[in-house]
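Encoded as structure tokens, the structure appears first; notes follow it.
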Amino acid sequence: MGNAKLKSGEYIAVRDGAALSFGGNQRWLAEGRPEALAKCSCGAVAAADLFLYLARSRPQWESPLCAAFARAEELSKEEYLRYLSEVLARYARPLPYFGKTGFGLAQGINRYFAENRLGLKAKWRQTALDGGALMRIAAQLADDLPVILSIPSFPLKIKSLNMYRRSREGRGLTDALRYKNRSGHFVTACALEDRVLTVSSWGKRFYLDCEEYLRAARLPAGLISCGYMTLEERASRTALIGEGL
């Protein structure tokens, strides 16, 4: 398994005052909306960012929904929230206090692909049941395709999966700040380097240790709630990420 990352130097950038985000932030939805919606909208943010990135990277994958932002280097938070509201209403509305399953998220994304005739199909895969998950993720990133993946939900809150923030650029994960995630959560992978996934979550850059992620996927809770999404072209049925890797 080699290293791979998106070709764009930055992911989706949103201007929030003086700060520039790394992808969308579901917390922004809490401003003037029910807090429960913000807590359960990580899948909608992942889908919205995926649609934007696809529109920017391939002109044939641009849609009317993304057309206004496809060439912009960054969006204002107000622009992003208007766009995200459309994605929520049409393709990724979560169930209150529950959110969406990976299969449900893929279904909404496929509806977006079909309505806009993009010739793409999303497929949700269970990480623990799919041999070669990291190789498929790396192959998709090498093709400049972001990878939506889910962090397991631990019902009893006894176990958790670390999400890391590096304290200084270039430092290893052992020197990083740790955030223990115990609830099911969608993030978007943007790079896989030295068996560390760089992901977008809450508008920030986090890191996942691949070995920790795979161990969590093999736990009983992970067998159900840990997965990732691949994309393939509908017309030729040729996978964008090599099948059987």
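Chain identifiers are assigned as A, B, and so on, following the order in which chains appear in the structure tokens; residues are numbered from 1 within each chain, and ligands are numbered from 1 in order of appearance.
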Practice prompt. Please report, as a PyMOL selection string, each residue of region 47-230 of chain A to which DSSP assigns strand (DSSP E) when run on this structure's backbone.
Written response: chain A and resi 75-76+120-126+147-151+161-166+176-181+185-193+196-201+204-209+227-230
Fill in: Residue neighbourhood region 214-221 of chain A, 9 Å, only C-alpha atoms, exclusion window fewer than 2 positions, as a list of chain:residue names
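Listed by chain and then number, they are A:Gln126, A:Thr127, A:Ala128, A:Leu129, A:Ile151, A:Pro152, A:Ser153, A:Phe154, A:Pro155, A:Lys159, A:Ser160, A:Leu161, A:Asp209, A:Cys210, A:Glu211, A:Glu212, A:Leu223, A:Ile224, A:Ser225, A:Cys226, A:Gly227.
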Resulting file, chosen residues, all heavy atoms, as a short mmCIF file (atom, residue, chain, number, x, y, z; two decimals), in the first residue's frame:
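Result saved to selection.cif:
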data_model
loop_
_atom_site.label_atom_id
_atom_site.label_comp_id
_atom_site.auth_asym_id
_atom_site.auth_seq_id
_atom_site.Cartn_x
_atom_site.Cartn_y
_atom_site.Cartn_z
N GLN A 126 -18.41 -2.14 4.09
CA GLN A 126 -18.09 -2.36 5.50
C GLN A 126 -16.60 -2.64 5.62
O GLN A 126 -16.09 -3.59 5.02
CB GLN A 126 -18.91 -3.51 6.07
CG GLN A 126 -20.41 -3.28 6.06
CD GLN A 126 -20.83 -2.08 6.87
OE1 GLN A 126 -21.13 -1.02 6.30
NE2 GLN A 126 -20.83 -2.22 8.18
N THR A 127 -15.90 -1.83 6.41
CA THR A 127 -14.43 -1.91 6.46
C THR A 127 -13.93 -3.29 6.87
O THR A 127 -13.03 -3.85 6.23
CB THR A 127 -13.90 -0.85 7.45
OG1 THR A 127 -14.36 0.44 7.03
CG2 THR A 127 -12.37 -0.85 7.48
N ALA A 128 -14.49 -3.86 7.93
CA ALA A 128 -13.98 -5.13 8.45
C ALA A 128 -14.28 -6.30 7.52
O ALA A 128 -13.58 -7.31 7.55
CB ALA A 128 -14.58 -5.40 9.83
N LEU A 129 -15.33 -6.18 6.71
CA LEU A 129 -15.73 -7.27 5.84
C LEU A 129 -15.14 -7.16 4.44
O LEU A 129 -15.37 -8.00 3.59
CB LEU A 129 -17.27 -7.32 5.73
CG LEU A 129 -18.02 -7.44 7.06
CD1 LEU A 129 -19.52 -7.43 6.80
CD2 LEU A 129 -17.60 -8.69 7.81
N ILE A 151 -16.57 6.58 11.38
CA ILE A 151 -15.94 6.16 12.62
C ILE A 151 -16.99 5.40 13.42
O ILE A 151 -18.15 5.81 13.49
CB ILE A 151 -15.42 7.39 13.39
CG1 ILE A 151 -14.22 7.98 12.63
CG2 ILE A 151 -15.04 7.03 14.82
CD1 ILE A 151 -13.74 9.28 13.19
N PRO A 152 -16.63 4.28 14.03
CA PRO A 152 -17.65 3.46 14.71
C PRO A 152 -18.35 4.19 15.84
O PRO A 152 -17.79 5.09 16.48
CB PRO A 152 -16.84 2.27 15.24
CG PRO A 152 -15.58 2.26 14.48
CD PRO A 152 -15.30 3.67 14.10
N SER A 153 -19.57 3.75 16.09
CA SER A 153 -20.32 4.21 17.25
C SER A 153 -20.16 3.18 18.36
O SER A 153 -20.36 1.98 18.15
CB SER A 153 -21.81 4.36 16.89
OG SER A 153 -22.56 4.70 18.03
N PHE A 154 -19.78 3.64 19.54
CA PHE A 154 -19.60 2.76 20.69
C PHE A 154 -20.74 3.01 21.67
O PHE A 154 -20.70 3.97 22.45
CB PHE A 154 -18.24 3.00 21.35
CG PHE A 154 -17.08 2.74 20.44
CD1 PHE A 154 -16.43 3.79 19.79
CD2 PHE A 154 -16.63 1.45 20.20
CE1 PHE A 154 -15.35 3.55 18.94
CE2 PHE A 154 -15.56 1.20 19.35
CZ PHE A 154 -14.92 2.24 18.72
N PRO A 155 -21.78 2.19 21.64
CA PRO A 155 -23.01 2.47 22.40
C PRO A 155 -22.80 2.68 23.89
O PRO A 155 -23.42 3.56 24.49
CB PRO A 155 -23.87 1.23 22.14
CG PRO A 155 -23.35 0.67 20.86
CD PRO A 155 -21.89 0.95 20.87
N LYS A 159 -15.38 2.23 24.91
CA LYS A 159 -14.25 2.32 24.00
C LYS A 159 -14.34 3.61 23.19
O LYS A 159 -15.37 4.29 23.17
CB LYS A 159 -14.22 1.10 23.08
CG LYS A 159 -13.98 -0.22 23.81
CD LYS A 159 -13.87 -1.36 22.85
CE LYS A 159 -13.62 -2.67 23.58
NZ LYS A 159 -12.31 -2.67 24.27
N SER A 160 -13.27 3.92 22.49
CA SER A 160 -13.26 5.13 21.66
C SER A 160 -12.19 4.97 20.59
O SER A 160 -11.37 4.05 20.62
CB SER A 160 -12.96 6.37 22.51
OG SER A 160 -11.67 6.27 23.10
N LEU A 161 -12.21 5.86 19.62
CA LEU A 161 -11.19 5.91 18.57
C LEU A 161 -10.56 7.28 18.60
O LEU A 161 -11.26 8.30 18.57
CB LEU A 161 -11.82 5.64 17.20
CG LEU A 161 -10.85 5.71 16.02
CD1 LEU A 161 -9.83 4.57 16.08
CD2 LEU A 161 -11.61 5.64 14.69
N ASP A 209 -4.91 7.04 12.98
CA ASP A 209 -3.93 5.96 12.85
C ASP A 209 -4.62 4.77 12.20
O ASP A 209 -5.63 4.28 12.71
CB ASP A 209 -3.40 5.60 14.23
CG ASP A 209 -2.35 4.51 14.17
OD1 ASP A 209 -2.73 3.34 13.92
OD2 ASP A 209 -1.17 4.81 14.39
N CYS A 210 -4.11 4.29 11.08
CA CYS A 210 -4.78 3.22 10.33
C CYS A 210 -4.93 1.95 11.15
O CYS A 210 -5.95 1.25 11.05
CB CYS A 210 -4.02 2.93 9.04
SG CYS A 210 -4.18 4.23 7.80
N GLU A 211 -3.93 1.61 11.94
CA GLU A 211 -4.01 0.38 12.73
C GLU A 211 -5.11 0.51 13.79
O GLU A 211 -5.87 -0.43 14.04
CB GLU A 211 -2.66 0.07 13.39
CG GLU A 211 -1.54 -0.17 12.39
CD GLU A 211 -1.90 -1.22 11.35
OE1 GLU A 211 -2.54 -2.23 11.71
OE2 GLU A 211 -1.55 -1.02 10.18
N GLU A 212 -5.21 1.67 14.42
CA GLU A 212 -6.27 1.88 15.40
C GLU A 212 -7.64 1.84 14.73
O GLU A 212 -8.60 1.28 15.28
CB GLU A 212 -6.07 3.24 16.10
CG GLU A 212 -4.85 3.31 16.98
CD GLU A 212 -4.68 4.66 17.64
OE1 GLU A 212 -5.51 5.56 17.41
OE2 GLU A 212 -3.70 4.82 18.40
N LEU A 223 -18.17 -3.60 13.29
CA LEU A 223 -18.69 -4.45 12.21
C LEU A 223 -19.97 -3.86 11.62
O LEU A 223 -20.26 -4.03 10.44
CB LEU A 223 -18.98 -5.86 12.75
CG LEU A 223 -17.76 -6.69 13.14
CD1 LEU A 223 -18.20 -7.99 13.79
CD2 LEU A 223 -16.89 -6.98 11.92
N ILE A 224 -20.72 -3.14 12.45
CA ILE A 224 -21.99 -2.56 12.01
C ILE A 224 -21.81 -1.15 11.47
O ILE A 224 -22.36 -0.78 10.43
CB ILE A 224 -23.00 -2.53 13.18
CG1 ILE A 224 -23.28 -3.97 13.66
CG2 ILE A 224 -24.30 -1.85 12.77
CD1 ILE A 224 -24.06 -4.04 14.93
N SER A 225 -21.00 -0.34 12.18
CA SER A 225 -21.02 1.10 11.90
C SER A 225 -19.75 1.65 11.28
O SER A 225 -19.64 2.87 11.12
CB SER A 225 -21.30 1.86 13.21
OG SER A 225 -20.32 1.56 14.19
N CYS A 226 -18.80 0.81 10.94
CA CYS A 226 -17.54 1.31 10.38
C CYS A 226 -17.45 0.94 8.90
O CYS A 226 -17.46 -0.24 8.54
CB CYS A 226 -16.37 0.70 11.14
SG CYS A 226 -14.78 1.42 10.71
N GLY A 227 -17.38 1.93 8.04
CA GLY A 227 -17.32 1.66 6.61
C GLY A 227 -16.74 2.83 5.84
O GLY A 227 -16.32 3.84 6.42
#
Which residues of region 70-167 of chain A sit at most 8 Å from region 12-18 of chain A, using only C-alpha atoms? Give each one's shortest atom pair and distance in Å (one decimal place), in chain and ascending residue order, as CSV.
residue,atom,partner,partner_atom,distance
A:Glu73,CA,A:Ala13,CA,7.1
A:Glu74,CA,A:Ala13,CA,4.9
A:Leu75,CA,A:Val14,CA,4.7
A:Ser76,CA,A:Arg15,CA,4.8
A:Lys77,CA,A:Asp16,CA,5.6
A:Tyr80,CA,A:Val14,CA,7.1
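Distance-wise, CA of Val187 (chain A) and CA of Leu149 (chain A) end up 5.6 Å apart.
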Worksheet item: Residues at most 6 Å from Val199 (chain A), counting only C-alpha atoms, excluding those fewer than 6 positions away in the same chain, as a list in words?
Response: Thr188, Ala189, Cys190, Arg205, Phe206 and Tyr207 of chain A
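Interatomic distance, CA of Pro94 (chain A) against CA of Ala122 (chain A): 18.1 Å.
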Fill in: Within 10 Å of Arg71 (chain A) using only C-alpha atoms, minus same-chain residues under 6 positions, as a VMD selection string
chain A and resid 52 55 to 57
Any chance you can output those residues with all heavy atoms as a compact mmCIF listing (two decimals), in the first residue's frame?
# COMPACT_ATOMS: atom_id res chain seq x y z
N LEU A 52 -18.81 19.35 -4.11
CA LEU A 52 -18.01 20.51 -4.50
C LEU A 52 -16.65 20.09 -5.06
O LEU A 52 -16.20 20.63 -6.07
CB LEU A 52 -17.80 21.42 -3.28
CG LEU A 52 -18.87 22.47 -2.99
CD1 LEU A 52 -18.51 23.24 -1.73
CD2 LEU A 52 -19.02 23.44 -4.16
N ALA A 55 -16.98 18.67 -8.54
CA ALA A 55 -17.27 19.72 -9.52
C ALA A 55 -16.00 20.51 -9.86
O ALA A 55 -15.82 20.94 -11.01
CB ALA A 55 -18.34 20.65 -8.97
N ARG A 56 -15.12 20.70 -8.89
CA ARG A 56 -13.90 21.45 -9.12
C ARG A 56 -12.86 20.64 -9.88
O ARG A 56 -12.08 21.18 -10.67
CB ARG A 56 -13.30 21.89 -7.78
CG ARG A 56 -14.10 22.97 -7.08
CD ARG A 56 -13.49 23.31 -5.75
NE ARG A 56 -14.17 24.41 -5.09
CZ ARG A 56 -13.79 24.96 -3.95
NH1 ARG A 56 -12.72 24.50 -3.34
NH2 ARG A 56 -14.46 25.96 -3.42
N SER A 57 -12.83 19.34 -9.63
CA SER A 57 -11.75 18.53 -10.20
C SER A 57 -12.03 18.05 -11.61
O SER A 57 -11.11 17.84 -12.39
CB SER A 57 -11.47 17.33 -9.29
OG SER A 57 -12.62 16.51 -9.18
Fill in: Neighbour list for Ala106 (chain A) as a PyMOL selection string, cut-off 7 Å, only C-alpha atoms, skip fewer than 4 positions in-chain
chain A and resi 102+110+122-124
Item to complete: Report as a PyMOL selection string: the residues of region 29-215 of chain A with a DSSP assignment of alpha helix (DSSP H), based on the backbone of this structure.
Response: chain A and resi 35-39+42-57+77-90+102-115+133-142+210-215
Practice prompt. Please identify all polymer residues within 12 Å of Arg117 (chain A), counting only C-alpha atoms, omitting same-chain residues fewer than 6 positions from it, and present them as a PyMOL selection string.
Written response: chain A and resi 60-64+110-111+233-235
